[in-house]
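K.L.:
One structure, as structure tokens, below. Some questions next.
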Amino acid sequence: MVEDHTLEALRGELDKIDVQLLNTIKARLDCCVQIALHKREHHIPMMQPNRIHFVHERAAQFAEASHIRADFLRQLYELIISETCRVEDIIIGHTGVGGQP
Ligand SMILES: O=C(O)C(=O)C[C@]1(C(=O)O)C=C[C@@H](O)C=C1
């Protein structure tokens, strides 16, 4: 059926977008690993509230300009940032991993 071809084509497009999204998430996490190594070397605190505020604010402005629900992007970034904080904490050594204080 014509509709099935259309759906298949759209899902093919969606699959490519999802792979890009997953690679982008990985690239963001990898970048945060580099940031954490830099913070550890230079004794910079993991938690940077001003930076987190900036990231949320940029997403809120993007949501408004792109007609995406702002609360959706806020929740998405809360999840993403909580994971980067967890990973950075492990690298910096504040969680007791590997017997560190
Ligand atoms: O910009 C930083 O310093 C980061 O470590 C990145 C990031 C983020 O995920 O955006 C994570 C933790 C910080 O507290 C602030 C922001």
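Chain labels A, B, ... are given in the sequence in which chains occur in the structure tokens; within each chain residues are numbered consecutively from 1, and ligands are likewise numbered from 1 in the order shown.
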Just want the residues within 12 Å of ligand 1, written as JSON, numbers by chain, counting only C-alpha atoms and all ligand atoms.

P.N.:
{"A": [25, 27, 28, 29, 30, 31, 32, 33, 34, 35, 36, 37, 38, 39, 40, 44, 45, 46, 47, 48, 49, 50, 51, 52, 53, 54, 55, 56, 57, 58, 59, 76, 77, 78, 79, 80, 81, 82, 83, 84, 85, 86, 87, 88, 89, 91, 92]}

K.L.:
Export C-alpha atoms of the chosen residues as a PDB file, in the first residue's frame?

P.N.:
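So the final result, stored in part19.pdb, reads:
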```
ATOM      1  CA  ILE A  25      24.287  12.571  23.418  1.00  0.00           C
ATOM      2  CA  ALA A  27      29.513  13.485  22.109  1.00  0.00           C
ATOM      3  CA  ARG A  28      28.060  15.667  24.894  1.00  0.00           C
ATOM      4  CA  LEU A  29      28.951  13.105  27.567  1.00  0.00           C
ATOM      5  CA  ASP A  30      32.466  12.681  26.107  1.00  0.00           C
ATOM      6  CA  CYS A  31      32.932  16.463  26.198  1.00  0.00           C
ATOM      7  CA  CYS A  32      31.824  16.516  29.854  1.00  0.00           C
ATOM      8  CA  VAL A  33      34.412  13.810  30.628  1.00  0.00           C
ATOM      9  CA  GLN A  34      37.063  16.180  29.212  1.00  0.00           C
ATOM     10  CA  ILE A  35      35.592  19.034  31.289  1.00  0.00           C
ATOM     11  CA  ALA A  36      35.698  16.838  34.431  1.00  0.00           C
ATOM     12  CA  LEU A  37      39.350  15.909  33.828  1.00  0.00           C
ATOM     13  CA  HIS A  38      40.156  19.617  33.459  1.00  0.00           C
ATOM     14  CA  LYS A  39      38.212  20.464  36.641  1.00  0.00           C
ATOM     15  CA  ARG A  40      40.048  17.719  38.557  1.00  0.00           C
ATOM     16  CA  ILE A  44      37.493  23.525  39.921  1.00  0.00           C
ATOM     17  CA  PRO A  45      34.197  22.464  41.584  1.00  0.00           C
ATOM     18  CA  MET A  46      32.057  20.013  39.612  1.00  0.00           C
ATOM     19  CA  MET A  47      28.859  21.937  40.343  1.00  0.00           C
ATOM     20  CA  GLN A  48      28.572  25.129  38.277  1.00  0.00           C
ATOM     21  CA  PRO A  49      25.079  26.567  38.931  1.00  0.00           C
ATOM     22  CA  ASN A  50      25.577  29.600  36.674  1.00  0.00           C
ATOM     23  CA  ARG A  51      26.494  27.372  33.751  1.00  0.00           C
ATOM     24  CA  ILE A  52      23.501  25.089  34.398  1.00  0.00           C
ATOM     25  CA  HIS A  53      21.270  28.170  34.498  1.00  0.00           C
ATOM     26  CA  PHE A  54      22.717  29.295  31.141  1.00  0.00           C
ATOM     27  CA  VAL A  55      22.072  25.871  29.543  1.00  0.00           C
ATOM     28  CA  HIS A  56      18.451  25.831  30.779  1.00  0.00           C
ATOM     29  CA  GLU A  57      17.895  29.441  29.705  1.00  0.00           C
ATOM     30  CA  ARG A  58      19.207  28.774  26.187  1.00  0.00           C
ATOM     31  CA  ALA A  59      16.888  25.737  25.921  1.00  0.00           C
ATOM     32  CA  LEU A  76      15.121  16.648  29.165  1.00  0.00           C
ATOM     33  CA  TYR A  77      18.037  18.881  30.213  1.00  0.00           C
ATOM     34  CA  GLU A  78      17.493  18.039  33.890  1.00  0.00           C
ATOM     35  CA  LEU A  79      17.958  14.378  32.982  1.00  0.00           C
ATOM     36  CA  ILE A  80      20.976  15.047  30.752  1.00  0.00           C
ATOM     37  CA  ILE A  81      22.679  17.322  33.289  1.00  0.00           C
ATOM     38  CA  SER A  82      22.004  14.947  36.193  1.00  0.00           C
ATOM     39  CA  GLU A  83      23.847  12.236  34.220  1.00  0.00           C
ATOM     40  CA  THR A  84      26.787  14.526  33.386  1.00  0.00           C
ATOM     41  CA  CYS A  85      26.994  15.548  37.066  1.00  0.00           C
ATOM     42  CA  ARG A  86      27.018  11.861  38.075  1.00  0.00           C
ATOM     43  CA  VAL A  87      29.781  11.034  35.562  1.00  0.00           C
ATOM     44  CA  GLU A  88      31.808  14.146  36.469  1.00  0.00           C
ATOM     45  CA  ASP A  89      31.499  13.360  40.194  1.00  0.00           C
ATOM     46  CA  ILE A  91      35.857  11.340  37.561  1.00  0.00           C
ATOM     47  CA  ILE A  92      36.569  14.119  40.040  1.00  0.00           C
TER      48      ILE A  92
END
```

K.L.:
Among the residues of chain A, find those DSSP assigns to helix (DSSP H, G or I) from the backbone and print them as JSON, numbers by chain.

P.N.:
{"A": [2, 3, 4, 5, 6, 7, 8, 9, 10, 11, 12, 13, 14, 15, 16, 17, 18, 19, 20, 21, 22, 23, 24, 25, 26, 27, 28, 29, 30, 31, 32, 33, 34, 35, 36, 37, 38, 39, 40, 41, 42, 49, 50, 51, 52, 53, 54, 55, 56, 57, 58, 59, 60, 61, 62, 63, 64, 65, 66, 70, 71, 72, 73, 74, 75, 76, 77, 78, 79, 80, 81, 82, 83, 84, 85, 86, 87, 88, 89, 90, 91, 92, 97, 98, 99]}

K.L.:
Produce a file of the selected residues containing C-alpha atoms, as a compact mmCIF listing (two decimals), in the first residue's frame.

P.N.:
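So again25.txt came out as:
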```txt
# COMPACT_ATOMS: atom_id res chain seq x y z
CA VAL A 2 1.10 3.58 -0.68
CA GLU A 3 0.60 4.50 2.99
CA ASP A 4 2.93 1.70 4.09
CA HIS A 5 5.69 2.95 1.78
CA THR A 6 5.23 6.42 3.20
CA LEU A 7 5.36 5.16 6.78
CA GLU A 8 8.43 3.06 5.99
CA ALA A 9 10.20 6.05 4.41
CA LEU A 10 9.33 8.31 7.35
CA ARG A 11 10.55 5.69 9.83
CA GLY A 12 13.78 5.39 7.83
CA GLU A 13 14.20 9.16 8.23
CA LEU A 14 13.35 8.92 11.95
CA ASP A 15 15.90 6.13 12.46
CA LYS A 16 18.65 8.33 10.95
CA ILE A 17 17.63 11.22 13.21
CA ASP A 18 17.65 8.92 16.26
CA VAL A 19 21.17 7.69 15.44
CA GLN A 20 22.28 11.35 15.14
CA LEU A 21 20.59 12.10 18.47
CA LEU A 22 22.31 9.16 20.21
CA ASN A 23 25.69 10.16 18.74
CA THR A 24 25.10 13.75 19.88
CA ILE A 25 24.29 12.57 23.42
CA LYS A 26 27.49 10.50 23.41
CA ALA A 27 29.51 13.48 22.11
CA ARG A 28 28.06 15.67 24.89
CA LEU A 29 28.95 13.11 27.57
CA ASP A 30 32.47 12.68 26.11
CA CYS A 31 32.93 16.46 26.20
CA CYS A 32 31.82 16.52 29.85
CA VAL A 33 34.41 13.81 30.63
CA GLN A 34 37.06 16.18 29.21
CA ILE A 35 35.59 19.03 31.29
CA ALA A 36 35.70 16.84 34.43
CA LEU A 37 39.35 15.91 33.83
CA HIS A 38 40.16 19.62 33.46
CA LYS A 39 38.21 20.46 36.64
CA ARG A 40 40.05 17.72 38.56
CA GLU A 41 43.44 18.95 37.37
CA HIS A 42 42.68 22.58 38.22
CA PRO A 49 25.08 26.57 38.93
CA ASN A 50 25.58 29.60 36.67
CA ARG A 51 26.49 27.37 33.75
CA ILE A 52 23.50 25.09 34.40
CA HIS A 53 21.27 28.17 34.50
CA PHE A 54 22.72 29.30 31.14
CA VAL A 55 22.07 25.87 29.54
CA HIS A 56 18.45 25.83 30.78
CA GLU A 57 17.89 29.44 29.71
CA ARG A 58 19.21 28.77 26.19
CA ALA A 59 16.89 25.74 25.92
CA ALA A 60 13.93 27.85 27.10
CA GLN A 61 14.64 30.46 24.43
CA PHE A 62 15.03 27.73 21.82
CA ALA A 63 11.71 26.21 22.89
CA GLU A 64 9.94 29.53 22.48
CA ALA A 65 11.48 30.19 19.03
CA SER A 66 10.85 26.63 17.84
CA ALA A 70 9.52 24.57 27.28
CA ASP A 71 8.80 22.15 30.13
CA PHE A 72 9.69 19.22 27.86
CA LEU A 73 13.16 20.67 27.15
CA ARG A 74 13.61 21.64 30.80
CA GLN A 75 12.92 18.05 31.93
CA LEU A 76 15.12 16.65 29.17
CA TYR A 77 18.04 18.88 30.21
CA GLU A 78 17.49 18.04 33.89
CA LEU A 79 17.96 14.38 32.98
CA ILE A 80 20.98 15.05 30.75
CA ILE A 81 22.68 17.32 33.29
CA SER A 82 22.00 14.95 36.19
CA GLU A 83 23.85 12.24 34.22
CA THR A 84 26.79 14.53 33.39
CA CYS A 85 26.99 15.55 37.07
CA ARG A 86 27.02 11.86 38.07
CA VAL A 87 29.78 11.03 35.56
CA GLU A 88 31.81 14.15 36.47
CA ASP A 89 31.50 13.36 40.19
CA ILE A 90 32.96 9.90 39.59
CA ILE A 91 35.86 11.34 37.56
CA ILE A 92 36.57 14.12 40.04
CA VAL A 97 34.30 5.43 43.95
CA GLY A 98 37.63 3.57 44.14
CA GLY A 99 38.04 4.46 47.82
```
